[in-house]
$ cat final-v6.pdb   # PDB, C-alpha atoms
ATOM      1  CA  MET A1387      64.146  50.096 113.984
ATOM      2  CA  PHE A1388      61.880  52.297 111.890
ATOM      3  CA  ARG A1389      62.507  55.229 114.245
ATOM      4  CA  LYS A1390      66.284  54.755 113.863
ATOM      5  CA  PHE A1391      65.885  54.660 110.082
ATOM      6  CA  LYS A1392      64.005  57.977 110.156
ATOM      7  CA  LEU A1393      66.735  59.569 112.258
ATOM      8  CA  VAL A1394      69.457  58.339 109.891
ATOM      9  CA  LEU A1395      67.460  59.568 106.899
ATOM     10  CA  LEU A1396      66.940  62.941 108.536
ATOM     11  CA  GLY A1397      70.677  63.208 109.252
ATOM     12  CA  VAL A1398      71.551  62.411 105.643
ATOM     13  CA  LEU A1399      69.098  65.017 104.401
ATOM     14  CA  CYS A1400      70.605  67.641 106.733
ATOM     15  CA  ILE A1401      74.129  66.871 105.544
ATOM     16  CA  CYS A1402      73.066  67.027 101.881
ATOM     17  CA  THR A1403      71.338  70.324 102.489
ATOM     18  CA  LEU A1404      74.451  71.810 104.111
ATOM     19  CA  LEU A1405      76.652  70.589 101.270
ATOM     20  CA  TYR A1406      74.271  72.057  98.719
ATOM     21  CA  LEU A1407      74.168  75.433 100.451
ATOM     22  CA  SER A1408      77.926  75.592 100.864
ATOM     23  CA  LYS A1409      78.397  74.773  97.200
ATOM     24  CA  LYS A1410      75.785  77.382  96.328
ATOM     25  CA  LEU A1411      77.712  80.055  98.202
ATOM     26  CA  ILE A1412      81.030  79.166  96.632
ATOM     27  CA  TYR A1413      79.813  78.367  93.128
ATOM     28  CA  PRO A1414      76.697  80.403  92.282
ATOM     29  CA  SER A1415      74.378  78.904  89.708
ATOM     30  CA  SER A1416      73.602  80.485  86.360
ATOM     31  CA  SER A1417      70.518  82.123  87.888
ATOM     32  CA  ASP A1418      72.778  84.049  90.286
ATOM     33  CA  VAL A1419      74.914  85.605  87.585
ATOM     34  CA  THR A1420      74.440  87.579  84.418
ATOM     35  CA  TYR A1421      76.758  87.825  81.449
ATOM     36  CA  ILE A1422      77.813  91.264  80.257
ATOM     37  CA  PRO A1423      79.597  91.283  76.889
ATOM     38  CA  ILE A1424      82.365  93.811  76.239
ATOM     39  CA  GLY A1425      81.390  96.611  73.902
ATOM     40  CA  LYS A1426      83.137  97.752  70.761
ATOM     41  CA  GLY A1427      86.741  98.743  71.355
ATOM     42  CA  GLY A1428      87.398  96.458  74.336
ATOM     43  CA  THR A1429      89.713  93.493  74.673
ATOM     44  CA  PHE A1430      87.896  91.097  76.984
ATOM     45  CA  GLY A1431      85.298  88.436  76.229
ATOM     46  CA  ASP A1432      82.061  87.695  78.059
ATOM     47  CA  VAL A1433      82.572  87.342  81.798
ATOM     48  CA  LYS A1434      80.527  86.388  84.818
ATOM     49  CA  VAL A1435      79.172  89.382  86.702
ATOM     50  CA  PHE A1436      77.829  88.467  90.136
ATOM     51  CA  VAL A1437      74.573  90.267  90.833
ATOM     52  CA  ASN A1438      74.749  89.667  94.588
ATOM     53  CA  PRO A1439      78.482  89.723  95.377
ATOM     54  CA  VAL A1440      79.761  88.156  98.575
ATOM     55  CA  ASP A1441      82.532  89.850 100.557
ATOM     56  CA  ASP A1442      85.250  87.211 100.423
ATOM     57  CA  GLY A1443      87.888  88.993 102.452
ATOM     58  CA  LYS A1444      90.823  91.280 101.823
ATOM     59  CA  VAL A1445      91.217  92.823  98.372
ATOM     60  CA  THR A1446      94.543  92.300  96.583
ATOM     61  CA  LEU A1447      96.077  94.005  93.570
ATOM     62  CA  GLU A1448      94.616  91.205  91.442
ATOM     63  CA  ASP A1449      91.123  92.477  92.308
ATOM     64  CA  ILE A1450      91.708  95.978  90.939
ATOM     65  CA  PHE A1451      91.398  97.208  87.355
ATOM     66  CA  ILE A1452      93.649 100.257  86.892
ATOM     67  CA  SER A1453      92.995 102.436  83.855
ATOM     68  CA  VAL A1454      95.056 105.300  82.481
ATOM     69  CA  ARG A1455      93.416 107.541  79.904
ATOM     70  CA  THR A1456      95.642 109.362  77.448
ATOM     71  CA  SER A1457      96.011 110.555  73.862
ATOM     72  CA  ARG A1458      98.467 109.442  71.174
ATOM     73  CA  LYS A1459     100.226 112.813  71.260
ATOM     74  CA  PHE A1460     101.119 112.280  74.935
ATOM     75  CA  HIS A1461     102.633 108.804  74.665
ATOM     76  CA  GLU A1462     106.224 110.062  74.783
ATOM     77  CA  SER A1463     105.853 112.953  77.226
ATOM     78  CA  ARG A1464     103.407 111.419  79.721
ATOM     79  CA  ILE A1465     103.027 107.675  79.216
ATOM     80  CA  ASP A1466     106.731 106.917  78.833
ATOM     81  CA  PRO A1467     107.547 108.121  82.403
ATOM     82  CA  ILE A1468     104.651 106.033  83.713
ATOM     83  CA  VAL A1469     105.802 102.893  81.906
ATOM     84  CA  LYS A1470     109.326 103.412  83.241
ATOM     85  CA  THR A1471     108.129 103.793  86.820
ATOM     86  CA  TRP A1472     104.921 102.790  88.574
ATOM     87  CA  PHE A1473     103.445 100.739  85.697
ATOM     88  CA  ASN A1474     106.011  98.051  86.529
ATOM     89  CA  LEU A1475     104.447  97.642  89.970
ATOM     90  CA  ALA A1476     101.091  96.670  88.417
ATOM     91  CA  ARG A1477     101.795  95.504  84.877
ATOM     92  CA  GLU A1478      99.015  92.906  84.797
ATOM     93  CA  GLN A1479      96.386  95.191  86.314
ATOM     94  CA  THR A1480      97.033  98.432  84.402
ATOM     95  CA  TYR A1481      95.635  99.268  80.959
ATOM     96  CA  ILE A1482      96.346 102.381  78.901
ATOM     97  CA  PHE A1483      93.421 103.720  76.875
ATOM     98  CA  THR A1484      94.352 105.968  73.996
ATOM     99  CA  ASP A1485      93.172 107.218  70.605
ATOM    100  CA  GLY A1486      95.903 105.994  68.266
ATOM    101  CA  ASP A1487      97.966 102.908  67.519
ATOM    102  CA  ASP A1488     101.442 102.579  69.015
ATOM    103  CA  ASP A1489     102.997  99.196  68.328
ATOM    104  CA  LYS A1490     106.165  99.941  70.277
ATOM    105  CA  LEU A1491     104.291 101.014  73.407
ATOM    106  CA  ASN A1492     101.913  98.080  73.115
ATOM    107  CA  GLU A1493     104.851  95.682  72.961
ATOM    108  CA  THR A1494     106.567  97.362  75.920
ATOM    109  CA  THR A1495     103.442  97.085  78.051
ATOM    110  CA  GLY A1496     102.728  93.489  77.088
ATOM    111  CA  GLY A1497      99.650  94.308  75.027
ATOM    112  CA  HIS A1498      98.081  96.623  77.591
ATOM    113  CA  VAL A1499      97.476  99.546  75.239
ATOM    114  CA  ILE A1500      93.900  99.825  73.962
ATOM    115  CA  ASN A1501      93.055 102.075  71.043
ATOM    116  CA  THR A1502      89.490 103.212  71.701
ATOM    117  CA  HIS A1503      89.045 104.605  68.168
ATOM    118  CA  CYS A1504      87.030 107.417  69.718
ATOM    119  CA  GLY A1505      88.742 110.332  67.995
ATOM    120  CA  ARG A1506      91.684 112.477  69.007
ATOM    121  CA  ASP A1507      90.020 115.812  69.700
ATOM    122  CA  TYR A1508      89.832 117.106  73.255
ATOM    123  CA  ASN A1509      86.083 117.552  73.174
ATOM    124  CA  ARG A1510      83.119 116.221  75.098
ATOM    125  CA  SER A1511      82.103 113.574  72.583
ATOM    126  CA  HIS A1512      85.535 112.019  72.091
ATOM    127  CA  LEU A1513      86.446 112.073  75.776
ATOM    128  CA  SER A1514      83.089 110.575  76.762
ATOM    129  CA  CYS A1515      83.474 107.807  74.205
ATOM    130  CA  LYS A1516      86.953 107.073  75.534
ATOM    131  CA  THR A1517      85.914 106.990  79.200
ATOM    132  CA  GLY A1518      82.836 104.960  78.307
ATOM    133  CA  THR A1519      85.062 102.409  76.610
ATOM    134  CA  VAL A1520      87.193 102.217  79.754
ATOM    135  CA  TYR A1521      84.026 101.595  81.766
ATOM    136  CA  ASP A1522      82.875  98.813  79.414
ATOM    137  CA  THR A1523      86.300  97.166  79.568
ATOM    138  CA  TYR A1524      86.323  97.326  83.347
ATOM    139  CA  LEU A1525      82.918  95.635  83.581
ATOM    140  CA  ALA A1526      84.133  92.857  81.324
ATOM    141  CA  SER A1527      87.254  92.345  83.454
ATOM    142  CA  GLY A1528      85.246  91.022  86.402
ATOM    143  CA  LYS A1529      87.397  92.954  88.900
ATOM    144  CA  LYS A1530      86.080  94.209  92.238
ATOM    145  CA  TRP A1531      87.379  97.777  91.887
ATOM    146  CA  TRP A1532      87.864 100.201  89.003
ATOM    147  CA  CYS A1533      90.562 102.768  89.804
ATOM    148  CA  ARG A1534      90.803 105.333  87.028
ATOM    149  CA  PHE A1535      93.629 107.796  86.506
ATOM    150  CA  ASP A1536      94.835 110.289  83.946
ATOM    151  CA  ASP A1537      98.190 110.280  82.179
ATOM    152  CA  ASP A1538      99.564 112.945  84.524
ATOM    153  CA  ASN A1539      99.180 110.800  87.663
ATOM    154  CA  TYR A1540     101.929 108.970  89.486
ATOM    155  CA  VAL A1541     100.200 106.008  91.123
ATOM    156  CA  ASN A1542     101.466 103.872  93.977
ATOM    157  CA  PRO A1543      99.596 100.571  93.439
ATOM    158  CA  ARG A1544     100.424  99.308  96.920
ATOM    159  CA  ARG A1545      98.788 102.351  98.458
ATOM    160  CA  VAL A1546      95.795 101.989  96.139
ATOM    161  CA  VAL A1547      95.314  98.486  97.542
ATOM    162  CA  HIS A1548      95.574  99.918 101.041
ATOM    163  CA  LEU A1549      93.044 102.624 100.166
ATOM    164  CA  VAL A1550      90.316 100.334  98.823
ATOM    165  CA  ASN A1551      90.804  97.856 101.657
ATOM    166  CA  GLY A1552      89.390 100.478 103.960
ATOM    167  CA  TYR A1553      85.963  99.812 102.452
ATOM    168  CA  ASN A1554      83.682  96.911 101.606
ATOM    169  CA  TRP A1555      83.793  96.386  97.851
ATOM    170  CA  THR A1556      80.343  94.785  97.840
ATOM    171  CA  GLN A1557      78.809  98.141  98.756
ATOM    172  CA  ASP A1558      78.259 101.208  96.552
ATOM    173  CA  ILE A1559      81.526 103.093  96.988
ATOM    174  CA  CYS A1560      83.256 105.852  95.008
ATOM    175  CA  ILE A1561      86.497 107.014  96.617
ATOM    176  CA  GLY A1562      87.801 110.350  95.414
ATOM    177  CA  LYS A1563      88.576 113.968  96.086
ATOM    178  CA  LEU A1564      86.378 117.006  95.528
ATOM    179  CA  SER A1565      87.533 120.046  93.577
ATOM    180  CA  VAL A1566      84.638 122.220  94.788
ATOM    181  CA  PRO A1567      81.757 121.398  97.186
ATOM    182  CA  PHE A1568      79.063 120.982  94.493
ATOM    183  CA  PHE A1569      77.976 121.822  90.966
ATOM    184  CA  THR A1570      74.637 122.533  89.303
ATOM    185  CA  THR A1571      73.494 121.667  85.811
ATOM    186  CA  ASP A1572      70.339 121.664  83.701
ATOM    187  CA  TYR A1573      69.226 118.126  82.918
ATOM    188  CA  HIS A1574      66.022 117.344  81.066
ATOM    189  CA  GLY A1575      64.636 120.766  81.947
ATOM    190  CA  HIS A1576      65.450 120.620  85.662
ATOM    191  CA  SER A1577      68.230 122.209  87.685
ATOM    192  CA  GLU A1578      70.217 119.420  89.332
ATOM    193  CA  ILE A1579      72.913 119.490  92.028
ATOM    194  CA  TYR A1580      75.778 117.001  92.008
ATOM    195  CA  GLN A1581      79.344 116.355  93.155
ATOM    196  CA  PHE A1582      82.162 114.621  91.371
ATOM    197  CA  ALA A1583      85.515 113.120  92.236
ATOM    198  CA  HIS A1584      88.055 115.250  90.408
ATOM    199  CA  GLY A1585      89.455 113.144  87.565
ATOM    200  CA  GLY A1586      92.893 114.718  87.854
ATOM    201  CA  ALA A1587      93.400 113.047  91.223
ATOM    202  CA  GLY A1588      91.939 109.695  90.248
ATOM    203  CA  CYS A1589      89.109 107.770  91.875
ATOM    204  CA  CYS A1590      88.106 104.186  92.701
ATOM    205  CA  ILE A1591      84.626 102.772  92.084
ATOM    206  CA  SER A1592      83.342  99.487  93.509
ATOM    207  CA  ARG A1593      81.822  96.925  91.175
ATOM    208  CA  PRO A1594      78.233  97.029  92.513
ATOM    209  CA  LEU A1595      78.164 100.802  92.036
ATOM    210  CA  ALA A1596      79.685 100.522  88.564
ATOM    211  CA  LEU A1597      76.953  98.084  87.546
ATOM    212  CA  LYS A1598      74.258 100.503  88.723
ATOM    213  CA  MET A1599      75.825 103.246  86.533
ATOM    214  CA  LYS A1600      75.251 101.275  83.326
ATOM    215  CA  PRO A1601      72.076 103.087  82.093
ATOM    216  CA  TRP A1602      74.060 106.345  81.860
ATOM    217  CA  CYS A1603      77.591 105.054  81.309
ATOM    218  CA  GLY A1604      79.315 102.959  78.645
ATOM    219  CA  ARG A1605      80.783 103.832  75.257
ATOM    220  CA  GLU A1606      77.564 105.130  73.728
ATOM    221  CA  GLU A1607      75.554 105.927  76.864
ATOM    222  CA  LEU A1608      78.129 108.290  78.389
ATOM    223  CA  VAL A1609      78.235 110.353  75.196
ATOM    224  CA  VAL A1610      74.476 110.845  75.517
ATOM    225  CA  THR A1611      74.678 111.642  79.228
ATOM    226  CA  THR A1612      77.363 114.302  78.828
ATOM    227  CA  ARG A1613      75.495 115.896  75.941
ATOM    228  CA  GLU A1614      72.159 115.992  77.734
ATOM    229  CA  ALA A1615      73.681 117.205  81.014
ATOM    230  CA  GLY A1616      76.086 119.634  79.359
ATOM    231  CA  MET A1617      79.247 118.506  81.164
ATOM    232  CA  GLN A1618      82.575 116.759  80.722
ATOM    233  CA  GLU A1619      82.817 113.038  81.278
ATOM    234  CA  ASP A1620      84.523 113.063  84.690
ATOM    235  CA  CYS A1621      81.792 115.409  85.907
ATOM    236  CA  ALA A1622      79.236 113.045  84.380
ATOM    237  CA  LEU A1623      80.524 110.098  86.413
ATOM    238  CA  GLY A1624      79.938 112.138  89.559
ATOM    239  CA  PHE A1625      76.550 113.277  88.276
ATOM    240  CA  ILE A1626      75.496 109.670  87.694
ATOM    241  CA  ILE A1627      76.700 108.566  91.135
ATOM    242  CA  THR A1628      75.587 111.472  93.352
ATOM    243  CA  ASN A1629      72.515 112.701  91.479
ATOM    244  CA  ARG A1630      70.976 109.825  89.530
ATOM    245  CA  LEU A1631      71.898 107.093  92.016
ATOM    246  CA  LYS A1632      71.944 109.285  95.159
ATOM    247  CA  ILE A1633      75.222 107.780  96.389
ATOM    248  CA  ASN A1634      77.503 110.005  98.471
ATOM    249  CA  LEU A1635      81.169 110.215  97.549
ATOM    250  CA  THR A1636      83.718 108.748  99.940
ATOM    251  CA  LEU A1637      86.416 111.395 100.344
ATOM    252  CA  THR A1638      90.122 110.771 100.860
ATOM    253  CA  ASP A1639      93.298 112.808 101.213
ATOM    254  CA  LEU A1640      95.453 110.125  99.603
ATOM    255  CA  LEU A1641      94.717 111.243  96.016
ATOM    256  CA  HIS A1642      96.331 114.446  94.721
ATOM    257  CA  SER A1643      95.812 116.477  91.546
ATOM    258  CA  THR A1644      97.465 119.544  90.056
ATOM    259  CA  ARG A1645      94.747 121.674  91.620
ATOM    260  CA  GLU A1646      96.965 121.482  94.701
ATOM    261  CA  SER A1647     100.412 122.963  95.182
ATOM    262  CA  LEU A1648     102.244 119.672  94.908
ATOM    263  CA  GLU A1649     105.592 121.048  95.987
ATOM    264  CA  ASP A1650     104.011 121.693  99.382
ATOM    265  CA  LEU A1651     103.407 117.990  99.990
ATOM    266  CA  ASN A1652     105.512 116.859 102.929
ATOM    267  CA  PRO A1653     108.146 114.418 101.580
ATOM    268  CA  ASP A1654     107.780 112.393 104.776
ATOM    269  CA  THR A1655     104.187 111.563 103.755
ATOM    270  CA  LEU A1656     104.809 110.644 100.106
ATOM    271  CA  HIS A1657     105.065 106.954 100.992
ATOM    272  CA  GLU A1658     101.447 107.114 102.158
ATOM    273  CA  GLN A1659      99.892 108.680  99.048
ATOM    274  CA  ALA A1660      97.961 106.665  96.456
ATOM    275  CA  SER A1661      98.319 109.132  93.567
ATOM    276  CA  ILE A1662     100.146 112.372  92.843
ATOM    277  CA  GLY A1663      99.617 114.519  89.764
ATOM    278  CA  GLN A1664     102.053 116.660  87.803
ATOM    279  CA  SER A1665     102.032 119.562  85.375
ATOM    280  CA  PRO A1666     104.689 122.006  84.173
ATOM    281  CA  GLY A1667     105.661 124.096  87.184
ATOM    282  CA  ASN A1668     103.626 122.006  89.620
ATOM    283  CA  THR A1669     105.430 118.848  90.694
ATOM    284  CA  VAL A1670     106.602 117.257  93.927
ATOM    285  CA  ASN A1671     109.798 118.799  95.239
ATOM    286  CA  LEU A1672     112.436 116.359  96.447
ATOM    287  CA  ASP A1673     115.454 118.557  95.814
ATOM    288  CA  LYS A1674     116.191 119.012  99.524
ATOM    289  CA  VAL A1675     115.540 115.430 100.575
ATOM    290  CA  LYS A1676     118.598 113.504 101.683
ATOM    291  CA  ASN A1677     119.580 110.094 100.335
ATOM    292  CA  VAL A1678     117.484 110.268  97.172
ATOM    293  CA  LYS A1679     118.725 110.225  93.612
ATOM    294  CA  ILE A1680     117.707 113.475  91.944
ATOM    295  CA  PHE A1681     117.362 113.281  88.174
ATOM    296  CA  ASN A1682     117.956 116.276  85.959
ATOM    297  CA  HIS A1683     114.778 118.112  84.951
ATOM    298  CA  ASP A1684     115.639 117.563  81.293
ATOM    299  CA  VAL A1685     115.631 113.805  81.881
ATOM    300  CA  ASP A1686     112.769 113.806  84.366
ATOM    301  CA  PRO A1687     110.461 116.796  83.739
ATOM    302  CA  THR A1688     107.459 115.107  85.398
ATOM    303  CA  ARG A1689     109.620 114.197  88.443
ATOM    304  CA  PHE A1690     108.055 110.735  88.283
ATOM    305  CA  ILE A1691     111.441 109.008  88.036
ATOM    306  CA  THR A1692     112.857 110.940  90.990
ATOM    307  CA  LEU A1693     109.702 110.261  93.009
ATOM    308  CA  HIS A1694     109.781 106.578  92.059
ATOM    309  CA  CYS A1695     113.400 106.239  93.178
ATOM    310  CA  PHE A1696     112.547 107.990  96.425
ATOM    311  CA  LEU A1697     109.754 105.491  97.090
ATOM    312  CA  PHE A1698     111.425 102.424  95.553
ATOM    313  CA  PRO A1699     115.199 103.020  95.528
ATOM    314  CA  THR A1700     116.024  99.505  94.329
ATOM    315  CA  ALA A1701     114.012  99.866  91.085
ATOM    316  CA  ASN A1702     116.038  99.231  87.919
ATOM    317  CA  ILE A1703     115.593 102.744  86.588
ATOM    318  CA  CYS A1704     117.256 104.134  89.729
ATOM    319  CA  LYS A1705     120.494 102.386  88.790
ATOM    320  CA  ILE A1706     120.982 104.539  85.679
TER     321      ILE A1706
END
$ encode --input "final-v6.pdb" --output "structure tokens"
Amino acid sequence: MFRKFKLVLLGVLCICTLLYLSKKLIYPSSSDVTYIPIGKGGTFGDVKVFVNPVDDGKVTLEDIFISVRTSRKFHESRIDPIVKTWFNLAREQTYIFTDGDDDKLNETTGGHVINTHCGRDYNRSHLSCKTGTVYDTYLASGKKWWCRFDDDNYVNPRRVVHLVNGYNWTQDICIGKLSVPFFTTDYHGHSEIYQFAHGGAGCCISRPLALKMKPWCGREELVVTTREAGMQEDCALGFIITNRLKINLTLTDLLHSTRESLEDLNPDTLHEQASIGQSPGNTVNLDKVKNVKIFNHDVDPTRFITLHCFLFPTANICKI
């Protein structure tokens, strides 16, 4: 009888242990997480940041924080085409970071315009403050990926999801595109070599890597880093990742900036791309494509509307 009792007791203990471990994996205790408060200029409260993240399967759009950095003077010329097109494919995931209030735009986007109050000049200090604020807001969002773009990027959110799903978000990953093979800079009296993912094409950074960047990034920290390293903020992100943290960039051909001849992109491949830039005289060319609604250049100078209707012909704006 006593032997049977010991066996029953042992079985109960085993079951309890398994239940405890399973609960531990699904619901980490307070010792497994830290709380990172959002810095000045953000919109999120304190959130749980998992120190040892567990790969829980396929990433969805809900797991991605998409940021667009702009300036108040570009709201009409650059942000308006974005809001009319691809923003509607990721309204809940996309935030626009700017340097001036715009009540109309904020209402149109459902409160997704954030005034960083960093200053409106196109200089190292103001841009670093702005990008640092984006970084702080991303950390507070709790998302698995931070995909950052400029206001001259057309983004296909579905392809962004496809892009990041090619990698394990629990690892240190920065997906981007090089402009040149490497750069050098003087940092604290030493010549340093680094690479960076060209900001004009966009890039995606996994959460574990973003957390490791914190000593050099953030609203105040990035201003210091760019000043001490003598570089712009998108270069500084690459400097932090490839030089300070010794993490190699993950390169992709699905992100495109105006450093390329965009009119040379094969229209048959546009459905595959995650981002495509634009600038005056350098846009995608769909004029010779059949069965696509071509908007007048006066109405659609960025070609974002024409591109959007090529990719998503049933979108409301294509019915105009």
$ closest_residue --input "final-v6.pdb" --among "A:Arg1613, A:Lys1676, A:His1498, A:His1503" --to "Val1469 in chain A" --atoms "only C-alpha atoms"
A:His1498
$ closest_residue --input "final-v6.pdb" --among "A:Pro1594, A:Pro1699, A:Gly1616, A:Gly1667" --to "Gly1528 in chain A" --atoms "all atoms listed in the file"
A:Pro1594
$ atom_distance --input "final-v6.pdb" --atom1 "CA of Ser1661 in chain A" --atom2 "CA of Ser1592 in chain A"
17.8 Å
$ resolve_selection --input "final-v6.pdb" --expression "the PyMOL selection byres ((chain A and resi 1620-1635) around 8)" --output "list in words"
Asp1558, Ile1559, Cys1560, Ile1561, Gly1562, Glu1578, Ile1579, Tyr1580, Gln1581, Phe1582, Ala1583, His1584, Gly1585, Leu1595, Lys1598, Met1599, Trp1602, Cys1603, Leu1608, Thr1611, Thr1612, Ala1615, Met1617, Gln1618, Glu1619, Thr1636 and Leu1637 of chain A
$ write_last_selection --input "final-v6.pdb" --atoms "C-alpha atoms" --output "short mmCIF file (atom, residue, chain, number, x, y, z; two decimals), in the frame of the given file"
data_model
loop_
_atom_site.label_atom_id
_atom_site.label_comp_id
_atom_site.auth_asym_id
_atom_site.auth_seq_id
_atom_site.Cartn_x
_atom_site.Cartn_y
_atom_site.Cartn_z
CA ASP A 1558 78.26 101.21 96.55
CA ILE A 1559 81.53 103.09 96.99
CA CYS A 1560 83.26 105.85 95.01
CA ILE A 1561 86.50 107.01 96.62
CA GLY A 1562 87.80 110.35 95.41
CA GLU A 1578 70.22 119.42 89.33
CA ILE A 1579 72.91 119.49 92.03
CA TYR A 1580 75.78 117.00 92.01
CA GLN A 1581 79.34 116.36 93.16
CA PHE A 1582 82.16 114.62 91.37
CA ALA A 1583 85.52 113.12 92.24
CA HIS A 1584 88.06 115.25 90.41
CA GLY A 1585 89.46 113.14 87.56
CA LEU A 1595 78.16 100.80 92.04
CA LYS A 1598 74.26 100.50 88.72
CA MET A 1599 75.82 103.25 86.53
CA TRP A 1602 74.06 106.34 81.86
CA CYS A 1603 77.59 105.05 81.31
CA LEU A 1608 78.13 108.29 78.39
CA THR A 1611 74.68 111.64 79.23
CA THR A 1612 77.36 114.30 78.83
CA ALA A 1615 73.68 117.20 81.01
CA MET A 1617 79.25 118.51 81.16
CA GLN A 1618 82.58 116.76 80.72
CA GLU A 1619 82.82 113.04 81.28
CA THR A 1636 83.72 108.75 99.94
CA LEU A 1637 86.42 111.40 100.34
#
$ resolve_selection --input "final-v6.pdb" --expression "the PyMOL selection byres ((chain A and resi 1533-1545) around 8)" --output "ChimeraX atom specification"
/A:1447,1450-1456,1464-1465,1468,1472,1475-1476,1531-1532,1546-1549,1585-1591,1643,1658-1665,1690
$ residues_near_point --input "final-v6.pdb" --point "(113.2, 109.4, 87.9)" --cutoff "9 Å" --atoms "all atoms listed in the file" --output "short mmCIF file (atom, residue, chain, number, x, y, z; two decimals) with C-alpha atoms, in the coordinates of the input"
data_model
loop_
_atom_site.label_atom_id
_atom_site.label_comp_id
_atom_site.auth_asym_id
_atom_site.auth_seq_id
_atom_site.Cartn_x
_atom_site.Cartn_y
_atom_site.Cartn_z
CA PRO A 1467 107.55 108.12 82.40
CA LYS A 1470 109.33 103.41 83.24
CA THR A 1471 108.13 103.79 86.82
CA LYS A 1679 118.72 110.22 93.61
CA ILE A 1680 117.71 113.48 91.94
CA PHE A 1681 117.36 113.28 88.17
CA ASN A 1682 117.96 116.28 85.96
CA VAL A 1685 115.63 113.80 81.88
CA ASP A 1686 112.77 113.81 84.37
CA PRO A 1687 110.46 116.80 83.74
CA THR A 1688 107.46 115.11 85.40
CA ARG A 1689 109.62 114.20 88.44
CA PHE A 1690 108.06 110.74 88.28
CA ILE A 1691 111.44 109.01 88.04
CA THR A 1692 112.86 110.94 90.99
CA LEU A 1693 109.70 110.26 93.01
CA HIS A 1694 109.78 106.58 92.06
CA CYS A 1695 113.40 106.24 93.18
CA PHE A 1696 112.55 107.99 96.42
CA ILE A 1703 115.59 102.74 86.59
CA CYS A 1704 117.26 104.13 89.73
#
$ atom_distance --input "final-v6.pdb" --atom1 "CA of Ile1706 in chain A" --atom2 "CA of Asp1466 in chain A"
16.0 Å
$ resolve_selection --input "final-v6.pdb" --expression "the PyMOL selection byres ((chain A and resi 1521) around 10)" --output "list in words"
Ile1424, Gly1425, Gly1428, Ser1453, Cys1515, Lys1516, Thr1517, Gly1518, Thr1519, Val1520, Asp1522, Thr1523, Tyr1524, Leu1525, Ala1526, Ser1527, Trp1532, Arg1534, Ala1596, Leu1597, Met1599, Lys1600, Cys1603, Gly1604, Arg1605 and Leu1608 of chain A
$ write_last_selection --input "final-v6.pdb" --atoms "C-alpha atoms" --output "mmCIF file, in the frame of the given file"
data_model
loop_
_atom_site.group_PDB
_atom_site.id
_atom_site.type_symbol
_atom_site.label_atom_id
_atom_site.label_comp_id
_atom_site.auth_asym_id
_atom_site.auth_seq_id
_atom_site.Cartn_x
_atom_site.Cartn_y
_atom_site.Cartn_z
ATOM 1 C CA ILE A 1424 82.365 93.811 76.239
ATOM 2 C CA GLY A 1425 81.390 96.611 73.902
ATOM 3 C CA GLY A 1428 87.398 96.458 74.336
ATOM 4 C CA SER A 1453 92.995 102.436 83.855
ATOM 5 C CA CYS A 1515 83.474 107.807 74.205
ATOM 6 C CA LYS A 1516 86.953 107.073 75.534
ATOM 7 C CA THR A 1517 85.914 106.990 79.200
ATOM 8 C CA GLY A 1518 82.836 104.960 78.307
ATOM 9 C CA THR A 1519 85.062 102.409 76.610
ATOM 10 C CA VAL A 1520 87.193 102.217 79.754
ATOM 11 C CA ASP A 1522 82.875 98.813 79.414
ATOM 12 C CA THR A 1523 86.300 97.166 79.568
ATOM 13 C CA TYR A 1524 86.323 97.326 83.347
ATOM 14 C CA LEU A 1525 82.918 95.635 83.581
ATOM 15 C CA ALA A 1526 84.133 92.857 81.324
ATOM 16 C CA SER A 1527 87.254 92.345 83.454
ATOM 17 C CA TRP A 1532 87.864 100.201 89.003
ATOM 18 C CA ARG A 1534 90.803 105.333 87.028
ATOM 19 C CA ALA A 1596 79.685 100.522 88.564
ATOM 20 C CA LEU A 1597 76.953 98.084 87.546
ATOM 21 C CA MET A 1599 75.825 103.246 86.533
ATOM 22 C CA LYS A 1600 75.251 101.275 83.326
ATOM 23 C CA CYS A 1603 77.591 105.054 81.309
ATOM 24 C CA GLY A 1604 79.315 102.959 78.645
ATOM 25 C CA ARG A 1605 80.783 103.832 75.257
ATOM 26 C CA LEU A 1608 78.129 108.290 78.389
#
$ residues_around --input "final-v6.pdb" --residues "Asp1489 in chain A" --least-positions-apart "6" --cutoff "12 Å" --atoms "all atoms listed in the file" --output "list in words"
Arg1458, His1461, Thr1495, Gly1496, Gly1497, His1498, Val1499, Ile1500 and Asn1501 of chain A
$ write_last_selection --input "final-v6.pdb" --atoms "C-alpha atoms" --output "compact mmCIF listing (two decimals), in the frame of the given file"
# COMPACT_ATOMS: atom_id res chain seq x y z
CA ARG A 1458 98.47 109.44 71.17
CA HIS A 1461 102.63 108.80 74.67
CA THR A 1495 103.44 97.08 78.05
CA GLY A 1496 102.73 93.49 77.09
CA GLY A 1497 99.65 94.31 75.03
CA HIS A 1498 98.08 96.62 77.59
CA VAL A 1499 97.48 99.55 75.24
CA ILE A 1500 93.90 99.82 73.96
CA ASN A 1501 93.06 102.08 71.04
$ atom_distance --input "final-v6.pdb" --atom1 "CA of Val1675 in chain A" --atom2 "CA of Leu1641 in chain A"
21.7 Å
$ closest_residue --input "final-v6.pdb" --among "A:Thr1655, A:Ser1463, A:Asn1671, A:Ser1457" --to "Gly1486 in chain A" --atoms "all atoms listed in the file"
A:Ser1457
$ closest_residue --input "final-v6.pdb" --among "A:Asp1449, A:Glu1478, A:Asp1487, A:Asp1673" --to "Lys1530 in chain A" --atoms "all atoms listed in the file"
A:Asp1449
$ closest_residue --input "final-v6.pdb" --among "A:Val1566, A:Val1550, A:Leu1491, A:Ile1482" --to "Arg1645 in chain A" --atoms "only C-alpha atoms"
A:Val1566
$ axis_aligned_box --input "final-v6.pdb" --around "range 1515-1527 of chain A" --padding-each-side "3 Å" --output "JSON"
{"center_x": 85.0, "center_y": 100.1, "center_z": 78.9, "size_x": 10.4, "size_y": 21.5, "size_z": 15.4}
